[in-house]
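Text of query36.txt, listed as compact mmCIF, C-alpha atoms:
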```txt
# COMPACT_ATOMS: atom_id res chain seq x y z
CA MET A 17 21.88 -46.93 -68.54
CA THR A 18 20.65 -43.35 -68.57
CA GLU A 19 17.19 -44.55 -69.53
CA ASN A 20 17.10 -46.90 -66.54
CA ASN A 21 18.23 -44.15 -64.19
CA ASN A 22 15.47 -41.84 -65.43
CA LEU A 23 12.92 -44.64 -64.95
CA LEU A 24 14.05 -45.26 -61.36
CA GLU A 25 14.13 -41.55 -60.50
CA THR A 26 10.63 -41.07 -61.90
CA ALA A 27 9.36 -44.07 -59.90
CA GLN A 28 10.90 -42.69 -56.70
CA GLU A 29 9.33 -39.28 -57.17
CA LYS A 30 5.89 -40.78 -57.78
CA LEU A 31 6.12 -43.03 -54.72
CA LYS A 32 7.25 -40.08 -52.56
CA ALA A 33 4.30 -38.00 -53.77
CA THR A 34 1.96 -40.90 -52.95
CA VAL A 35 3.26 -41.63 -49.45
CA GLN A 36 3.72 -38.05 -48.23
CA PRO A 37 0.02 -37.41 -47.45
CA PHE A 38 -0.12 -40.67 -45.47
CA GLN A 39 3.04 -39.77 -43.55
CA LYS A 40 1.65 -36.34 -42.77
CA GLU A 41 -1.64 -37.80 -41.52
CA LEU A 42 0.22 -40.42 -39.47
CA SER A 43 2.35 -37.69 -37.87
CA GLN A 44 -0.72 -35.63 -37.03
CA GLN A 45 -2.51 -38.61 -35.50
CA GLN A 46 0.59 -39.51 -33.49
CA LYS A 47 0.74 -35.95 -32.16
CA LYS A 48 -2.91 -36.15 -31.12
CA ALA A 49 -2.38 -39.55 -29.46
CA GLU A 50 0.55 -38.17 -27.44
CA PHE A 51 -1.57 -35.16 -26.47
CA ILE A 52 -4.36 -37.42 -25.16
CA GLN A 53 -1.80 -39.49 -23.23
CA GLN A 54 -0.57 -36.29 -21.57
CA CYS A 55 -4.13 -35.40 -20.60
CA ILE A 56 -4.50 -38.85 -19.03
CA ARG A 57 -1.27 -38.35 -17.06
CA PHE A 58 -2.25 -34.88 -15.83
CA ALA A 59 -5.68 -36.17 -14.79
CA SER A 60 -4.17 -39.13 -12.94
CA GLN A 61 -1.92 -36.73 -11.01
CA ASP A 62 -4.74 -34.20 -10.54
CA ASP A 63 -2.38 -31.63 -12.05
CA PHE A 64 -5.20 -29.22 -12.85
CA LEU A 65 -2.82 -26.37 -13.67
CA LYS A 66 -1.16 -28.18 -16.56
CA LEU A 67 -4.44 -29.85 -17.55
CA ASP A 68 -6.15 -26.46 -17.80
CA GLU A 69 -3.34 -25.00 -19.93
CA HIS A 70 -3.21 -28.15 -22.07
CA LEU A 71 -6.91 -28.10 -22.88
CA ARG A 72 -6.71 -24.49 -24.08
CA THR A 73 -4.21 -25.25 -26.84
CA LYS A 74 -4.73 -25.49 -30.60
CA THR A 75 -4.13 -29.26 -30.50
CA ALA A 76 -7.07 -29.73 -28.12
CA LEU A 77 -9.33 -27.89 -30.58
CA GLU A 78 -8.04 -30.03 -33.46
CA ILE A 79 -8.88 -33.19 -31.54
CA ILE A 80 -12.39 -31.96 -30.75
CA GLU A 81 -12.95 -31.23 -34.45
CA ASP A 82 -11.54 -34.61 -35.56
CA GLU A 83 -14.47 -36.92 -36.44
CA LYS A 84 -12.33 -39.97 -35.67
CA LEU A 85 -11.89 -38.69 -32.12
CA ALA A 86 -15.41 -37.37 -31.62
CA GLU A 87 -15.78 -39.19 -28.29
CA CYS A 88 -13.01 -37.01 -26.83
CA ALA A 89 -15.05 -33.82 -27.16
CA ALA A 90 -17.41 -34.47 -24.23
CA THR A 91 -14.58 -35.73 -22.04
CA PHE A 92 -12.46 -32.70 -22.84
CA ASP A 93 -15.36 -30.39 -21.98
CA THR A 94 -15.81 -32.11 -18.61
CA LEU A 95 -12.10 -31.94 -17.81
CA LYS A 96 -11.90 -28.32 -18.96
CA VAL A 97 -14.70 -27.24 -16.59
CA TYR A 98 -13.14 -29.21 -13.72
CA ALA A 99 -9.63 -27.84 -14.30
CA SER A 100 -10.84 -24.27 -14.80
CA GLU A 101 -12.77 -24.29 -11.52
CA LYS A 102 -9.82 -25.77 -9.64
CA VAL A 103 -7.41 -23.22 -11.14
CA GLU A 104 -9.67 -20.31 -10.20
CA SER A 105 -10.02 -21.60 -6.64
CA TYR A 106 -6.26 -22.10 -6.44
CA ARG A 107 -5.53 -18.58 -7.77
CA LEU A 108 -7.86 -16.96 -5.23
CA GLU A 109 -6.28 -18.89 -2.36
CA PHE A 110 -2.78 -18.14 -3.71
CA ILE A 111 -3.47 -14.39 -4.01
CA GLU A 112 -4.99 -14.27 -0.53
CA ASP A 113 -2.02 -16.07 1.03
CA LEU A 114 0.58 -14.02 -0.85
CA THR A 115 -1.13 -10.70 -0.05
CA GLN A 116 -1.31 -11.58 3.66
CA LEU A 117 2.32 -12.72 3.82
CA CYS A 118 3.49 -9.52 2.10
CA LYS A 119 1.47 -7.45 4.56
CA GLU A 120 3.07 -9.32 7.46
CA ALA A 121 6.49 -8.64 5.89
CA GLY A 122 5.76 -4.90 5.86
CA PHE A 123 4.95 -4.11 2.25
CA GLU A 124 1.97 -4.12 -0.11
CA ILE A 125 1.69 -6.14 -3.30
CA THR A 126 -0.49 -5.43 -6.34
CA ILE A 127 -1.50 -8.41 -8.48
CA ASP A 128 -2.83 -8.01 -12.02
CA SER A 129 -3.60 -11.35 -13.67
CA ASN A 130 -0.26 -13.19 -13.59
CA ARG A 131 1.84 -10.08 -12.98
CA PHE A 132 2.62 -8.47 -9.66
CA PHE A 133 4.20 -5.27 -8.35
CA ALA A 134 5.76 -5.07 -4.90
CA LEU A 135 7.74 -2.02 -3.84
CA LYS A 136 9.04 0.46 -6.40
CA GLY A 137 11.38 -1.34 -8.75
CA VAL A 138 10.38 -4.88 -7.78
CA SER A 139 7.94 -6.68 -10.06
CA GLY A 140 7.44 -10.09 -11.57
CA GLU A 141 5.21 -12.70 -13.08
CA PHE A 142 3.73 -16.04 -12.06
CA ASP A 143 3.70 -19.05 -14.39
CA PHE A 144 1.46 -21.56 -12.66
CA ALA A 145 1.81 -24.23 -15.35
CA THR A 146 5.61 -24.42 -14.99
CA ARG A 147 5.57 -23.67 -11.24
CA THR A 148 7.89 -20.71 -11.83
CA THR A 149 7.92 -17.12 -10.58
CA THR A 150 10.02 -14.43 -12.26
CA ILE A 151 11.11 -11.51 -10.06
CA ASN A 152 13.03 -8.70 -11.78
CA LYS A 153 13.89 -11.14 -14.57
CA LYS A 154 15.31 -13.68 -12.11
CA ALA A 155 13.64 -17.10 -12.17
CA LEU A 156 12.42 -18.73 -8.97
CA LYS A 157 11.42 -22.34 -9.54
CA SER A 158 8.47 -22.15 -7.20
CA ILE A 159 5.04 -20.60 -6.75
CA ASP A 160 5.09 -21.06 -2.99
CA PRO A 161 3.90 -17.71 -1.52
CA ARG A 162 6.44 -17.92 1.32
CA ARG A 163 9.36 -18.43 -1.06
CA ILE A 164 8.09 -15.59 -3.26
CA VAL A 165 7.97 -13.20 -0.29
CA THR A 166 11.50 -14.24 0.70
CA ALA A 167 12.72 -13.58 -2.86
CA ILE A 168 11.03 -10.16 -2.88
CA GLN A 169 12.70 -9.31 0.42
CA GLN A 170 16.06 -10.31 -1.06
CA GLN A 171 15.47 -7.94 -3.98
CA LYS A 172 14.47 -5.20 -1.52
CA ARG A 173 17.71 -5.61 0.42
CA LEU A 174 19.72 -5.67 -2.80
CA LEU A 175 18.15 -2.50 -4.19
CA TYR A 176 17.43 -0.45 -1.07
CA ASP A 177 19.81 -1.40 1.74
CA SER A 178 23.06 -0.03 0.31
CA PRO A 179 24.16 3.49 1.40
CA TYR A 180 22.42 6.15 -0.67
CA ASP A 181 22.88 9.90 -0.83
CA PRO A 182 20.45 11.53 -3.31
CA GLN A 183 22.60 14.65 -3.67
CA LYS A 184 25.72 12.64 -4.42
CA PHE A 185 23.70 10.46 -6.81
CA ILE A 186 22.35 13.33 -8.94
CA ASP A 187 25.71 15.13 -8.92
CA THR A 188 27.38 11.94 -10.18
CA LEU A 189 24.82 11.63 -12.98
CA PHE A 190 25.45 15.24 -13.92
CA SER A 191 29.19 14.60 -13.99
CA THR A 192 28.69 11.73 -16.46
CA TYR A 193 26.35 13.92 -18.51
CA LYS A 194 28.91 16.74 -18.75
CA GLU A 195 31.68 14.31 -19.72
CA MET A 196 29.55 12.90 -22.54
CA LEU A 197 28.74 16.41 -23.77
CA LYS A 198 32.44 17.23 -23.75
CA GLN A 199 33.24 14.16 -25.84
CA ASN A 200 30.41 14.95 -28.28
CA LYS A 201 30.98 18.73 -28.29
CA GLY A 202 27.46 19.28 -26.99
CA ASN A 203 25.85 21.88 -24.75
CA ILE A 204 24.02 21.73 -21.44
CA GLY A 205 20.39 20.94 -22.19
CA ASP A 206 21.16 18.57 -25.07
CA LYS A 207 19.34 15.26 -24.84
CA LEU A 208 21.54 12.15 -24.76
CA PRO A 209 20.36 8.58 -25.53
CA ILE A 210 19.62 6.96 -22.18
CA GLN A 211 21.18 3.62 -23.14
CA ASP A 212 24.46 5.28 -24.11
CA PHE A 213 24.34 7.37 -20.94
CA TYR A 214 23.75 4.31 -18.74
CA VAL A 215 26.77 2.50 -20.21
CA ALA A 216 28.95 5.60 -19.80
CA HIS A 217 27.76 6.00 -16.20
CA VAL A 218 28.58 2.40 -15.31
CA ILE A 219 32.08 2.93 -16.69
CA ALA A 220 32.39 6.18 -14.72
CA LEU A 221 31.61 4.29 -11.50
CA GLN A 222 34.58 1.94 -11.93
CA ASN A 223 37.78 2.22 -9.95
CA LYS A 224 40.99 3.13 -11.77
CA THR A 225 42.38 -0.33 -10.99
CA PHE A 226 39.61 -1.90 -13.06
CA LEU A 227 40.05 0.52 -15.97
CA LEU A 228 43.77 -0.29 -16.07
CA ASN A 229 43.43 -4.06 -16.53
CA MET A 230 39.68 -4.78 -16.91
CA ASP A 231 39.80 -7.45 -14.21
CA LYS A 232 36.27 -8.87 -13.87
CA ALA A 233 36.78 -9.37 -10.15
CA LYS A 234 37.20 -5.62 -9.72
CA PHE A 235 34.17 -4.62 -11.81
CA LYS A 236 31.57 -2.65 -9.86
CA GLY A 237 28.17 -3.80 -11.06
CA TYR A 238 25.31 -1.34 -11.40
CA SER A 239 22.13 -2.91 -12.72
CA ILE A 240 19.36 -1.10 -14.56
CA ASP A 241 17.04 -2.10 -11.70
CA GLN A 242 19.37 -0.33 -9.26
CA PHE A 243 19.59 2.70 -11.53
CA SER A 244 15.80 2.84 -11.69
CA VAL A 245 15.37 2.59 -7.91
CA ASP A 246 18.07 5.19 -7.31
CA LEU A 247 16.20 7.56 -9.63
CA TRP A 248 12.99 6.95 -7.70
CA ARG A 249 14.73 7.61 -4.37
CA TYR A 250 16.12 10.83 -5.83
CA TYR A 251 12.61 11.97 -6.87
CA GLU A 252 11.29 11.09 -3.42
CA SER A 253 14.02 13.13 -1.70
CA ASP A 254 12.78 16.42 -3.19
CA ILE A 255 16.29 17.91 -3.15
CA GLY A 256 15.46 19.77 -6.36
CA GLY A 257 18.53 19.16 -8.48
CA THR A 258 22.31 19.15 -8.63
CA SER A 259 24.57 21.15 -6.32
CA ASP A 260 24.95 23.61 -9.24
CA GLY A 261 21.19 24.01 -9.57
CA TYR A 262 20.63 21.86 -12.67
CA ARG A 263 17.43 19.84 -12.97
CA LEU A 264 17.23 16.30 -14.31
CA ASP A 265 14.91 15.64 -17.26
CA LEU A 266 14.10 12.17 -18.60
CA THR A 267 12.19 12.00 -21.88
CA GLY A 268 9.85 9.13 -22.70
CA GLY A 269 10.18 7.20 -25.96
CA ARG A 270 11.12 3.86 -27.48
CA ASN A 271 14.34 4.66 -29.32
CA LYS A 272 17.33 3.31 -27.34
CA ALA A 273 15.03 3.23 -24.33
CA LEU A 274 15.28 1.80 -20.82
CA TRP A 275 12.37 0.89 -18.53
CA LEU A 276 12.78 3.24 -15.56
CA LEU A 277 10.71 4.62 -12.70
CA ASP A 278 9.50 8.16 -13.30
CA SER A 279 8.79 10.88 -10.72
CA ASN A 280 5.31 9.39 -10.13
CA GLY A 281 6.69 5.94 -9.41
CA GLU A 282 5.43 4.50 -12.70
CA THR A 283 7.71 2.33 -14.81
CA LYS A 284 7.98 3.80 -18.30
CA GLN A 285 10.23 3.66 -21.33
CA MET A 286 12.72 6.53 -21.22
CA SER A 287 14.73 7.29 -24.34
CA SER A 288 16.87 10.30 -23.40
CA ILE A 289 18.36 12.22 -20.50
CA SER A 290 19.32 15.88 -20.09
CA PHE A 291 19.97 18.51 -17.44
CA GLU A 292 18.63 22.04 -17.53
CA ILE A 293 19.11 25.07 -15.30
```
Could you take the file, read its structure, and then write that structure out as C-alpha cells?
Amino acid sequence: MTENNNLLETAQEKLKATVQPFQKELSQQQKKAEFIQQCIRFASQDDFLKLDEHLRTKTALEIIEDEKLAECAATFDTLKVYASEKVESYRLEFIEDLTQLCKEAGFEITIDSNRFFALKGVSGEFDFATRTTTINKKALKSIDPRRIVTAIQQQKRLLYDSPYDPQKFIDTLFSTYKEMLKQNKGNIGDKLPIQDFYVAHVIALQNKTFLLNMDKAKFKGYSIDQFSVDLWRYYESDIGGTSDGYRLDLTGGRNKALWLLDSNGETKQMSSISFEI
C-alpha cells in the first residue's frame, strides 16, 4: 500500500511540475486579453484620460513586446498619441477654467503638475483617471472646476471664519508648553516633540465636562490643518510673542514631525516646539 501511495504522489508532483508553466502562460495571456478589452472599452467611450493612463502601464509594454501580439504595437502607438494630445488639451483647459474661477472667488491658486495650493493651509491633488480631487486629505469625487472651487471655499470657511485672537492663541500654546514641562520636570527653552505637544494641546482645549466622562459628543475637535493655519495667522499678526514676552520656536525635522506652515507661509515638517525669552 505504501508503495502505491509513493507512486501516486510522485506522479502528482511530476504532473504539477509539467502543467505549471502552461498555467502561468495561460494566466499571463488572459491578463493581456483583459487589458486589450479594457482599451477597446475606453476607446469606444472616448475616455482618453483612462486610456492614456492605461497605455503607460507595464502591461501595455509587455503586450508590445509579445511577438504573438505584434499587431497591437502600432495600434497602441496611435492610441497613445491620440490620448496624450487629448489629455494635454484637457489639462490646459481645466487649469485655465479653475484659475479663472478661483480668481472670481477672490483667491489665487498655484498648480504644479497634479498638485495645487490655494490659500495658506489649503492644498490638494487632482486624479484625472479616477475623476477625484483630494483637498486637505478629503476626497471629492469630481474634477469639475466649479465643484473644486466650492470645496476650497468650504475649507476656507472651516479654517478661517471662526473667531481668532492671535494673542490668546499663543498664550494658550505657552500654557500647554509650561504644563508639559512641569510634568516632565523640564525648563523653559527645552524642545518638546511637536506630536506629543499637539495631542496635549488638544486635550487642554477640552471642557471639564468632556474630561469627566469622555463623551464623544462633547469633544472639541482641533485638526492639524486648523493648528497649522492658526500658527500662520499668528505669524502674520506680528504680535511678537506671549503676554509674558516669550517667543515661539518651531524646529524642522522628521522625528515625530507634523506638516505645518512656517513664518514664511511654507509647509514644512516640524519636529519640536519650544518657547524662549
task: Go through A:Leu174, A:Met286, A:Leu189, A:Leu135 and flag the residue nearest A:Ile210, using all atoms listed in the file for the distances.
output: A:Met286
message: So that I can see what lies close to A:Glu141, please list as a ChimeraX atom specification the residues with an atom at most 6 Å from it, counting only C-alpha atoms and leaving out residues fewer than 6 positions away in the same chain.
response: /A:130-131,149-150
- request: Can you pull out every residue within 8 Å of A:Ala145, counting all atoms listed in the file, but drop anything in the same chain fewer than 4 positions away, and send it as a PyMOL selection string?
  value: chain A and resi 65-66+69
task: List every protein, DNA or RNA residue that has at least one atom no more than 7 Å from (11.3, 3.8, -19.8) in the file's coordinates, counting only C-alpha atoms, and write the result as a list in words.
output: Gly268, Ala273, Leu274, Trp275, Leu276, Thr283, Lys284, Gln285, Met286 and Ser287 of chain A
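Shortest atom-to-atom contact with A:Thr258 among A:Glu282, A:Asp187, A:Asp68, A:Asp206: A:Asp187, counting only C-alpha atoms.
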At a cut-off of 7 Å, using only C-alpha atoms, what residues contact A:Tyr262? Leave out same-chain residues fewer than 2 positions from it and give the result as a short mmCIF file (atom, residue, chain, number, x, y, z; two decimals) with C-alpha atoms, in the coordinates of the input.
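Result file selection.cif:
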```
data_model
loop_
_atom_site.label_atom_id
_atom_site.label_comp_id
_atom_site.auth_asym_id
_atom_site.auth_seq_id
_atom_site.Cartn_x
_atom_site.Cartn_y
_atom_site.Cartn_z
CA GLY A 257 18.53 19.16 -8.48
CA THR A 258 22.31 19.15 -8.63
CA ASP A 260 24.95 23.61 -9.24
CA LEU A 264 17.23 16.30 -14.31
CA PHE A 291 19.97 18.51 -17.44
CA GLU A 292 18.63 22.04 -17.53
CA ILE A 293 19.11 25.07 -15.30
#
```
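Considering only C-alpha atoms, the residue among A:Thr126, A:Ser244, A:Ser178, A:Ser290 positioned nearest to A:Phe190 is A:Ser290.
Computed from the coordinates, the atom CA of A:Gln45 to atom CA of A:Ser60 distance equals 22.6 Å.
For the choices A:Asp128, A:Asp246, A:Glu112, A:Asp143, the atom-to-atom distance to A:Asp177 is smallest for A:Asp246 when using only C-alpha atoms.
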- request: Could you tell me how far atom CA of A:Tyr251 lies from atom CA of A:Ser191, in Å and to one decimal?
  value: 18.2 Å
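Our summary of the geometry notes that atom CA of A:Asp181 is positioned 8.5 Å from atom CA of A:Tyr250.
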